[in-house]
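Enquirer: As input, take query38.txt (compact mmCIF, C-alpha atoms):
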# COMPACT_ATOMS: atom_id res chain seq x y z
CA MET A 1 -31.45 -32.36 -22.65
CA GLN A 2 -33.94 -31.95 -25.47
CA GLY A 3 -37.40 -33.28 -24.79
CA ALA A 4 -38.62 -36.18 -26.89
CA VAL A 5 -41.17 -35.47 -29.59
CA SER A 6 -43.66 -38.26 -30.11
CA PRO A 7 -46.36 -38.27 -32.79
CA VAL A 8 -49.88 -38.06 -31.43
CA ALA A 9 -53.26 -38.17 -33.06
CA PRO A 10 -53.87 -34.96 -34.99
CA ARG A 11 -56.26 -32.47 -33.44
CA GLN A 12 -58.66 -30.89 -35.87
CA ALA A 13 -57.77 -27.21 -36.03
CA ARG A 14 -60.54 -24.67 -36.34
CA SER A 15 -60.27 -22.60 -39.50
CA ARG A 16 -60.06 -18.84 -39.20
CA PRO A 17 -63.45 -17.08 -39.42
CA THR A 18 -64.00 -15.28 -42.71
CA LEU A 19 -65.74 -12.06 -43.66
CA ARG A 20 -68.60 -14.19 -45.02
CA ASP A 21 -68.95 -15.85 -41.58
CA VAL A 22 -69.23 -12.42 -39.97
CA ALA A 23 -71.85 -11.31 -42.49
CA LEU A 24 -73.96 -14.45 -42.00
CA LEU A 25 -73.92 -14.13 -38.21
CA ALA A 26 -74.74 -10.42 -38.36
CA GLY A 27 -77.50 -10.93 -40.93
CA VAL A 28 -75.98 -8.48 -43.43
CA SER A 29 -74.28 -8.74 -46.81
CA PRO A 30 -70.49 -9.32 -47.01
CA LYS A 31 -70.18 -5.86 -48.60
CA THR A 32 -71.92 -4.24 -45.61
CA ALA A 33 -69.78 -6.22 -43.16
CA SER A 34 -66.66 -5.10 -45.03
CA ARG A 35 -67.74 -1.44 -44.86
CA VAL A 36 -68.26 -1.67 -41.11
CA ILE A 37 -64.93 -3.40 -40.50
CA ASN A 38 -63.10 -0.82 -42.64
CA GLY A 39 -64.80 2.08 -40.87
CA GLU A 40 -66.63 3.36 -43.93
CA PRO A 41 -69.66 5.66 -43.46
CA GLY A 42 -73.23 5.13 -44.61
CA VAL A 43 -74.16 2.04 -42.57
CA SER A 44 -77.00 2.18 -40.06
CA SER A 45 -76.13 2.04 -36.38
CA ALA A 46 -78.13 -1.19 -35.99
CA LYS A 47 -76.10 -2.95 -38.68
CA VAL A 48 -72.84 -1.55 -37.28
CA SER A 49 -73.72 -2.99 -33.87
CA ALA A 50 -74.67 -6.34 -35.39
CA VAL A 51 -71.39 -6.61 -37.30
CA GLU A 52 -69.33 -5.56 -34.28
CA ARG A 53 -71.05 -8.22 -32.15
CA ALA A 54 -70.34 -10.85 -34.80
CA VAL A 55 -66.68 -9.80 -35.03
CA ALA A 56 -66.31 -10.12 -31.26
CA GLN A 57 -68.18 -13.42 -31.08
CA LEU A 58 -66.15 -15.02 -33.88
CA ASN A 59 -62.88 -13.35 -32.87
CA TYR A 60 -62.59 -12.31 -36.52
CA ARG A 61 -59.31 -10.74 -37.64
CA PRO A 62 -59.26 -8.92 -40.97
CA ASN A 63 -56.64 -9.98 -43.49
CA PHE A 64 -54.35 -7.04 -44.23
CA THR A 65 -52.17 -9.03 -46.62
CA ALA A 66 -52.82 -8.55 -50.31
CA SER A 67 -53.97 -11.73 -52.00
CA SER A 68 -51.26 -11.33 -54.63
CA LEU A 69 -48.65 -11.76 -51.90
CA ARG A 70 -50.17 -14.92 -50.48
CA ARG A 71 -49.13 -18.41 -51.41
CA SER A 72 -51.50 -20.93 -52.93
CA SER A 73 -51.66 -22.59 -49.50
CA GLY A 74 -53.21 -19.43 -48.06
CA ARG A 75 -50.13 -18.62 -45.99
CA THR A 76 -48.53 -15.20 -45.77
CA ALA A 77 -44.92 -16.46 -45.78
CA ALA A 78 -44.28 -14.40 -42.64
CA ILE A 79 -43.52 -15.26 -39.02
CA GLY A 80 -43.95 -12.80 -36.16
CA ALA A 81 -41.22 -12.70 -33.50
CA VAL A 82 -41.98 -10.93 -30.22
CA LEU A 83 -38.63 -10.37 -28.51
CA GLU A 84 -37.43 -8.76 -25.30
CA ASP A 85 -35.23 -6.12 -26.94
CA VAL A 86 -33.76 -6.46 -30.43
CA GLY A 87 -30.87 -4.24 -29.26
CA ASN A 88 -29.85 -6.79 -26.63
CA PRO A 89 -27.15 -9.24 -27.86
CA PHE A 90 -29.27 -12.24 -26.81
CA SER A 91 -32.33 -11.07 -28.76
CA ALA A 92 -30.20 -10.07 -31.74
CA ALA A 93 -28.55 -13.50 -31.95
CA LEU A 94 -31.92 -15.23 -31.55
CA LEU A 95 -33.47 -13.10 -34.30
CA ARG A 96 -30.57 -13.71 -36.69
CA SER A 97 -30.87 -17.46 -36.17
CA LEU A 98 -34.59 -17.33 -36.94
CA GLU A 99 -33.91 -15.26 -40.05
CA ASP A 100 -31.27 -17.68 -41.31
CA ALA A 101 -33.67 -20.62 -40.98
CA ALA A 102 -36.56 -18.69 -42.54
CA ARG A 103 -34.51 -17.55 -45.52
CA ASP A 104 -34.16 -21.14 -46.69
CA ARG A 105 -37.97 -21.32 -46.82
CA ASP A 106 -38.41 -17.94 -48.53
CA VAL A 107 -40.18 -16.72 -45.38
CA LEU A 108 -39.82 -13.30 -43.74
CA ILE A 109 -39.42 -12.64 -40.01
CA PHE A 110 -41.13 -9.56 -38.58
CA ALA A 111 -39.86 -8.67 -35.12
CA GLY A 112 -40.68 -6.23 -32.35
CA SER A 113 -39.38 -5.47 -28.85
CA VAL A 114 -41.61 -5.68 -25.77
CA ASP A 115 -39.21 -3.93 -23.35
CA GLU A 116 -40.67 -5.96 -20.46
CA ASP A 117 -44.06 -4.33 -21.06
CA ALA A 118 -46.98 -6.77 -20.98
CA GLU A 119 -49.26 -4.35 -22.85
CA ARG A 120 -46.65 -3.91 -25.56
CA GLU A 121 -46.41 -7.70 -25.84
CA ARG A 122 -50.16 -8.05 -26.36
CA ALA A 123 -50.19 -5.18 -28.88
CA LEU A 124 -47.42 -6.77 -30.95
CA LEU A 125 -49.09 -10.17 -30.87
CA ARG A 126 -52.36 -8.59 -31.92
CA ALA A 127 -50.62 -6.77 -34.78
CA PHE A 128 -49.01 -9.98 -36.03
CA THR A 129 -52.13 -12.11 -35.71
CA ILE A 130 -54.49 -9.70 -37.48
CA ARG A 131 -52.01 -9.73 -40.34
CA GLN A 132 -52.30 -13.51 -40.24
CA ALA A 133 -48.66 -14.39 -39.57
CA ASP A 134 -48.12 -18.06 -40.30
CA ALA A 135 -46.52 -18.63 -36.88
CA LEU A 136 -45.39 -16.80 -33.75
CA VAL A 137 -42.16 -16.91 -31.77
CA VAL A 138 -42.61 -15.29 -28.35
CA VAL A 139 -40.18 -14.14 -25.67
CA PRO A 140 -42.87 -12.96 -23.24
CA ALA A 141 -42.95 -10.09 -20.79
CA SER A 142 -46.30 -11.08 -19.27
CA ASP A 143 -47.13 -14.07 -17.10
CA ARG A 144 -50.52 -14.89 -18.68
CA HIS A 145 -50.73 -16.19 -22.22
CA GLY A 146 -54.18 -17.74 -22.49
CA HIS A 147 -55.21 -14.95 -24.88
CA LEU A 148 -53.29 -16.84 -27.59
CA SER A 149 -55.50 -19.92 -27.25
CA ASP A 150 -57.66 -18.93 -30.23
CA GLU A 151 -54.60 -18.69 -32.45
CA VAL A 152 -53.31 -22.06 -31.28
CA ASN A 153 -56.71 -23.68 -31.76
CA ALA A 154 -56.90 -22.19 -35.25
CA GLY A 155 -53.69 -24.06 -36.10
CA THR A 156 -51.13 -21.27 -35.81
CA PRO A 157 -47.81 -22.69 -34.56
CA VAL A 158 -46.60 -20.81 -31.47
CA VAL A 159 -43.22 -21.36 -29.80
CA PHE A 160 -42.09 -19.64 -26.60
CA VAL A 161 -38.36 -19.01 -26.27
CA ASP A 162 -36.27 -18.21 -23.16
CA ARG A 163 -39.33 -17.99 -20.90
CA PRO A 164 -42.08 -20.58 -20.46
CA PRO A 165 -45.72 -20.04 -21.42
CA VAL A 166 -48.28 -19.68 -18.64
CA GLY A 167 -51.83 -20.88 -19.22
CA LEU A 168 -51.02 -22.02 -22.75
CA HIS A 169 -49.96 -25.49 -23.90
CA VAL A 170 -47.40 -24.89 -26.66
CA ASP A 171 -43.79 -25.73 -27.47
CA ALA A 172 -41.06 -23.94 -25.54
CA VAL A 173 -37.29 -23.62 -25.95
CA LEU A 174 -35.52 -22.68 -22.73
CA ALA A 175 -31.98 -22.35 -21.41
CA ASP A 176 -31.00 -24.33 -18.32
CA ASN A 177 -31.12 -21.30 -16.02
CA VAL A 178 -31.00 -23.11 -12.68
CA GLU A 179 -28.05 -25.31 -13.59
CA GLY A 180 -26.21 -22.42 -15.23
CA ALA A 181 -26.48 -20.23 -12.14
CA ALA A 182 -25.43 -23.12 -9.92
CA ALA A 183 -22.35 -23.71 -12.07
CA ALA A 184 -21.33 -20.06 -11.56
CA VAL A 185 -21.56 -20.42 -7.78
CA HIS A 186 -19.67 -23.72 -7.70
CA HIS A 187 -16.92 -22.09 -9.77
CA LEU A 188 -16.57 -19.12 -7.43
CA VAL A 189 -16.55 -21.34 -4.34
CA ALA A 190 -13.85 -23.51 -5.94
CA HIS A 191 -11.72 -20.37 -6.27
CA GLY A 192 -11.96 -19.52 -2.59
CA HIS A 193 -15.06 -17.36 -2.26
CA ARG A 194 -17.80 -17.67 0.32
CA ASP A 195 -19.09 -14.08 0.43
CA ILE A 196 -20.84 -14.09 -2.94
CA ALA A 197 -23.43 -11.45 -3.82
CA TYR A 198 -26.22 -11.84 -6.35
CA LEU A 199 -27.24 -9.02 -8.71
CA GLY A 200 -30.30 -9.80 -10.81
CA ASP A 201 -32.88 -8.52 -13.25
CA LEU A 202 -36.57 -7.85 -12.55
CA ARG A 203 -38.14 -10.50 -10.34
CA THR A 204 -41.20 -10.44 -12.59
CA ILE A 205 -39.07 -12.21 -15.22
CA ALA A 206 -39.17 -16.02 -15.01
CA THR A 207 -35.51 -16.43 -15.97
CA ALA A 208 -34.41 -14.04 -13.21
CA ARG A 209 -36.31 -16.09 -10.63
CA LEU A 210 -34.82 -19.34 -11.92
CA ARG A 211 -31.27 -17.99 -11.84
CA PHE A 212 -31.72 -16.78 -8.27
CA GLN A 213 -33.07 -20.22 -7.39
CA GLY A 214 -29.96 -21.86 -8.85
CA PHE A 215 -27.76 -19.36 -6.98
CA LYS A 216 -29.36 -20.13 -3.61
CA GLU A 217 -29.41 -23.89 -4.13
CA ALA A 218 -25.73 -23.99 -5.04
CA LEU A 219 -24.74 -21.93 -1.99
CA SER A 220 -26.80 -24.27 0.16
CA ASP A 221 -24.90 -27.23 -1.31
CA HIS A 222 -21.74 -25.70 0.17
CA GLY A 223 -23.36 -24.74 3.47
CA ILE A 224 -23.09 -21.02 2.62
CA ARG A 225 -25.67 -18.32 3.17
CA PRO A 226 -25.99 -15.60 0.51
CA SER A 227 -23.79 -12.61 1.25
CA SER A 228 -26.39 -10.28 -0.24
CA ALA A 229 -28.85 -10.12 -3.11
CA VAL A 230 -29.92 -7.12 -5.15
CA HIS A 231 -32.93 -7.62 -7.42
CA ASP A 232 -34.85 -5.58 -9.99
CA LEU A 233 -31.78 -4.13 -11.71
CA HIS A 234 -32.83 -3.47 -15.29
CA THR A 235 -30.38 -0.81 -16.44
CA MET A 236 -26.62 -0.49 -16.41
CA ALA A 237 -26.85 2.64 -14.24
CA GLU A 238 -28.89 0.79 -11.59
CA ALA A 239 -26.28 -1.98 -11.58
CA GLU A 240 -23.43 0.51 -11.13
CA HIS A 241 -25.09 2.09 -8.11
CA ALA A 242 -25.84 -1.32 -6.59
CA VAL A 243 -22.18 -2.39 -6.78
CA GLU A 244 -21.06 0.88 -5.24
CA ARG A 245 -23.37 0.31 -2.28
CA LEU A 246 -22.33 -3.32 -1.85
CA LEU A 247 -18.62 -2.59 -1.84
CA ALA A 248 -19.03 0.37 0.51
CA GLY A 249 -20.80 -1.80 3.11
CA ALA A 250 -19.39 -3.12 6.37
CA ALA A 251 -18.94 -6.64 4.99
CA PRO A 252 -18.45 -6.33 1.22
CA PRO A 253 -18.61 -9.47 -0.92
CA THR A 254 -15.45 -10.89 -2.46
CA ALA A 255 -17.30 -12.22 -5.50
CA LEU A 256 -20.33 -11.32 -7.60
CA PHE A 257 -22.73 -13.42 -9.61
CA VAL A 258 -24.57 -11.20 -12.09
CA ALA A 259 -27.63 -12.73 -13.69
CA GLN A 260 -28.11 -10.66 -16.89
CA ASN A 261 -25.66 -9.41 -19.50
CA LEU A 262 -26.57 -5.70 -19.53
CA VAL A 263 -26.48 -5.69 -15.73
CA THR A 264 -23.03 -7.28 -15.96
CA ILE A 265 -21.81 -4.37 -18.08
CA GLY A 266 -22.98 -1.91 -15.43
CA VAL A 267 -21.23 -3.94 -12.73
CA LEU A 268 -17.99 -3.92 -14.74
CA ARG A 269 -18.13 -0.15 -15.12
CA ALA A 270 -18.44 0.26 -11.36
CA LEU A 271 -15.63 -2.19 -10.60
CA GLN A 272 -13.27 -0.48 -13.01
CA ARG A 273 -14.12 3.01 -11.80
CA LEU A 274 -13.51 1.88 -8.20
CA GLY A 275 -10.30 0.09 -9.14
CA ARG A 276 -11.69 -3.21 -7.83
CA HIS A 277 -11.84 -5.25 -11.07
CA HIS A 278 -8.68 -7.20 -10.17
CA ASP A 279 -9.69 -8.19 -6.63
CA VAL A 280 -13.49 -8.78 -6.80
CA ALA A 281 -14.32 -11.96 -8.71
CA LEU A 282 -17.19 -11.87 -11.19
CA VAL A 283 -19.20 -14.40 -13.18
CA GLY A 284 -21.95 -13.07 -15.43
CA PHE A 285 -24.91 -14.97 -16.86
CA ASP A 286 -25.03 -14.65 -20.65
CA ASP A 287 -22.16 -13.59 -22.86
CA PHE A 288 -21.83 -10.22 -24.57
CA PRO A 289 -19.62 -8.72 -27.30
CA LEU A 290 -16.00 -7.91 -26.34
CA ALA A 291 -16.28 -9.66 -22.97
CA ASP A 292 -13.12 -11.57 -23.85
CA LEU A 293 -11.16 -8.38 -24.58
CA LEU A 294 -11.56 -6.69 -21.19
CA GLU A 295 -8.95 -6.83 -18.47
CA PRO A 296 -9.53 -9.18 -16.86
CA ALA A 297 -11.67 -10.89 -19.47
CA VAL A 298 -15.13 -11.72 -18.18
CA THR A 299 -16.04 -15.24 -17.11
CA VAL A 300 -19.59 -16.02 -18.16
CA ILE A 301 -22.30 -18.63 -18.16
CA ALA A 302 -23.00 -18.62 -21.88
CA GLN A 303 -26.42 -19.30 -23.27
CA ASP A 304 -26.73 -20.31 -26.90
CA PRO A 305 -29.41 -18.06 -28.40
CA SER A 306 -28.46 -19.17 -31.90
CA ALA A 307 -29.15 -22.81 -31.00
CA MET A 308 -32.39 -21.77 -29.30
CA GLY A 309 -33.44 -19.96 -32.47
CA ARG A 310 -32.61 -22.97 -34.62
CA VAL A 311 -34.67 -25.29 -32.40
CA ALA A 312 -37.58 -22.82 -32.38
CA ALA A 313 -37.46 -22.48 -36.18
CA SER A 314 -37.34 -26.25 -36.61
CA LEU A 315 -40.44 -26.67 -34.44
CA ILE A 316 -42.27 -23.93 -36.34
CA PHE A 317 -41.55 -25.31 -39.79
CA ARG A 318 -42.23 -28.91 -38.83
CA ARG A 319 -45.68 -27.88 -37.61
CA LEU A 320 -46.26 -25.80 -40.75
CA ASP A 321 -45.32 -28.90 -42.75
CA GLY A 322 -48.10 -30.81 -41.03
CA GLU A 323 -46.33 -32.71 -38.24
CA VAL A 324 -48.34 -33.06 -35.03
CA TRP A 325 -47.11 -33.85 -31.53
CA GLU A 326 -47.90 -33.04 -27.94
CA PRO A 327 -46.29 -29.66 -27.08
CA THR A 328 -42.85 -30.16 -25.59
CA THR A 329 -40.27 -28.13 -23.66
CA HIS A 330 -36.75 -28.26 -25.09
CA VAL A 331 -33.91 -27.31 -22.73
CA VAL A 332 -30.69 -25.99 -24.27
CA PRO A 333 -27.64 -26.38 -21.97
CA THR A 334 -25.48 -23.47 -20.88
CA ARG A 335 -21.70 -23.60 -20.54
CA LEU A 336 -19.18 -21.84 -18.32
CA ILE A 337 -16.46 -19.93 -20.17
CA ALA A 338 -13.56 -19.19 -17.81
CA ARG A 339 -11.70 -16.07 -18.94
CA GLY A 340 -10.19 -14.48 -15.86
CA SER A 341 -12.70 -12.47 -13.81
CA GLY A 342 -14.24 -15.58 -12.28
CA GLU A 343 -10.83 -17.05 -11.43
CA ILE A 344 -9.67 -14.24 -9.14
CA ARG A 345 -8.66 -16.03 -5.95
CA GLY A 346 -10.71 -15.47 -2.81
CA PRO A 347 -9.71 -15.48 0.87
CA TRP A 348 -10.52 -19.19 1.29
CA ALA A 349 -8.48 -20.33 -1.69
CA THR A 350 -6.19 -23.29 -0.98
Just give me the structure as structure tokens.

Expert:
Amino acid sequence: MQGAVSPVAPRQARSRPTLRDVALLAGVSPKTASRVINGEPGVSSAKVSAVERAVAQLNYRPNFTASSLRRSSGRTAAIGAVLEDVGNPFSAALLRSLEDAARDRDVLIFAGSVDEDAERERALLRAFTIRQADALVVVPASDRHGHLSDEVNAGTPVVFVDRPPVGLHVDAVLADNVEGAAAAVHHLVAHGHRDIAYLGDLRTIATARLRFQGFKEALSDHGIRPSSAVHDLHTMAEAEHAVERLLAGAAPPTALFVAQNLVTIGVLRALQRLGRHHDVALVGFDDFPLADLLEPAVTVIAQDPSAMGRVAASLIFRRLDGEVWEPTTHVVPTRLIARGSGEIRGPWAT
């Protein structure tokens, strides 16, 4: 269900500090301030220190965009997108959706991958903000986002996608992770499985925690305890090894719920190599290319990254057009696509 957006009284945004502001605070000329900021020689150490203090105090960010490329409004016609991994199908679909919406506005999208690295996230955000991107779309790796407060207060629209912001009050577009994971479990139980194992991504990732929550809650609804849970699988190779260990155990699961698409691919490789892909049921969270062409085809809980990108773009451009509202979380539903792997009958099938 999409959250309601209600107009509220506009908050006066602080304008970005200028080079002239830095010069006034430092007690030097704009030319001297510019030389210090650009690292040019010939400025006394006292003036360098004064300018550096002013830059830090004002949180000044130099404008690297040529004035000839800027619009009359002062915007750069560019949006920065900080994504998990542009090579992942989810990130790729999200990015394409943002690009399609931006093209209609003659706006460019600049994107980078954080690879679950909080320092990389901050570096990318810094790179986009010092180049004065008009807005930011963020799929975060970190769990602290207060460092973006200055950008938000300066009027830069910021939208978080897939994972919620922490310590920052901005719009967010999220998938229904808990309900999606629960739907996978209910589906497997309905097909006769009670020994259901969970294989998930890094527990530092908010979506991984939410999907595990939905998994546990759904099992509890049926009076079932988790067969086993393997966390912190972030590569296909790690997922393969995890499945091998699970199926070699004394009480192997009859079904698997896999909470991330690249992990699902690793699980499928292991099942096929072991010859178990026709007798171990599988539901994966998030679709991936060619999942419907495997044998059996892969049952998934499908997110809609394209829809999430469209909602995020709409929020961005509405704010850039001057609309104001209290930041809102928009939840995009998931859907179960039954293709075969999740319908393999279990020992308690009736």

Enquirer: Quick one: of A:Ala77, A:Leu268, A:Val185, A:Val139, who's nearest to Thr207 (chain A), counting only C-alpha atoms?

Expert: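 Of A:Ala77, A:Leu268, A:Val185, A:Val139, the one nearest Thr207 (chain A) is A:Val139, counting only C-alpha atoms.
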
Enquirer: Show which residues sit within 9 Å of Val48 (chain A), as a list in words. Count only C-alpha atoms, and ignore same-chain residues fewer than 5 positions away.

Expert: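 Non-adjacent residues within range: Thr32, Ala33, Val36, Ile37, Val43 and Arg53 of chain A.
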
Enquirer: Find the nearest atom pair between each residue of region 49-136 of chain A and region 298-319 of chain A for residues within 12 Å, count all atoms listed in the file, give distances in Å to one decimal, sort rows by chain and ascending number, and present the table as a tab-separated table.

Expert:
residue	atom	partner	partner_atom	distance
A:Ala77	CA	A:Phe317	CA	11.2
A:Ala78	CA	A:Ile316	CA	11.6
A:Ile79	CA	A:Ile316	CA	9.2
A:Gly80	CA	A:Ile316	CA	11.3
A:Ala81	CA	A:Gly309	CA	10.7
A:Leu83	CA	A:Gly309	CA	11.6
A:Asn88	CA	A:Pro305	CA	11.4
A:Pro89	CA	A:Pro305	CA	9.1
A:Phe90	CA	A:Pro305	CA	6.0
A:Ser91	CA	A:Pro305	CA	7.6
A:Ala92	CA	A:Pro305	CA	8.7
A:Ala93	CA	A:Ser306	CA	5.7
A:Leu94	CA	A:Pro305	CA	4.9
A:Leu95	CA	A:Gly309	CA	7.1
A:Arg96	CA	A:Ser306	CA	7.6
A:Ser97	CA	A:Gly309	CA	5.2
A:Leu98	CA	A:Gly309	CA	5.3
A:Glu99	CA	A:Ala313	CA	8.9
A:Asp100	CA	A:Arg310	CA	8.6
A:Ala101	CA	A:Ala313	CA	6.4
A:Ala102	CA	A:Ala313	CA	7.5
A:Arg103	CA	A:Ala313	CA	11.0
A:Asp104	CA	A:Phe317	CA	10.9
A:Arg105	CA	A:Phe317	CA	8.8
A:Asp106	CA	A:Phe317	CA	11.9
A:Val107	CA	A:Phe317	CA	10.3
A:Ile109	CA	A:Ala313	CA	10.7
A:Ala133	CA	A:Ile316	CA	11.9
A:Asp134	CA	A:Ile316	CA	9.2
A:Ala135	CA	A:Ile316	CA	6.8
A:Leu136	CA	A:Ile316	CA	8.2

Enquirer: I'd like to know which of A:Glu326, A:Asp292, A:Asp232, A:Glu240 is closest to Asp201 (chain A), using only C-alpha atoms.

Expert: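 Smallest distance to Asp201 (chain A) is found for A:Asp232.
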
Enquirer: Pick from A:Leu19, A:Ala118, A:Val332, A:Leu274: nearest to Glu179 (chain A), with all atoms listed in the file counted?

Expert: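 For Glu179 (chain A), the nearest of the candidates is A:Val332.
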
Enquirer: Name the residues in contact with Gly284 (chain A) at a cut-off of 12 Å, using only C-alpha atoms, excluding same-chain residues fewer than 6 positions from it; report them as a ChimeraX atom specification.

Expert: /A:180-185,187-188,197-200,211,255-268,291,297-303,335-342

Enquirer: Hey, can you check how far CA of Ile224 (chain A) sits from CA of Leu246 (chain A)?

Expert: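 That distance, rounded to one decimal, is 18.3 Å.
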
Enquirer: Do a neighbour search on Val173 (chain A) at 6 Å with all atoms listed in the file, toss out local chain neighbours closer than 3 positions, and write the hits as a PDB file with C-alpha atoms, in the coordinates of the input.

Expert:
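Okay, this is what ended up in part_7.pdb:
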ATOM      1  CA  VAL A 161     -38.360 -19.010 -26.270  1.00  0.00           C
ATOM      2  CA  THR A 329     -40.270 -28.130 -23.660  1.00  0.00           C
ATOM      3  CA  HIS A 330     -36.750 -28.260 -25.090  1.00  0.00           C
ATOM      4  CA  VAL A 331     -33.910 -27.310 -22.730  1.00  0.00           C
TER       5      VAL A 331
END
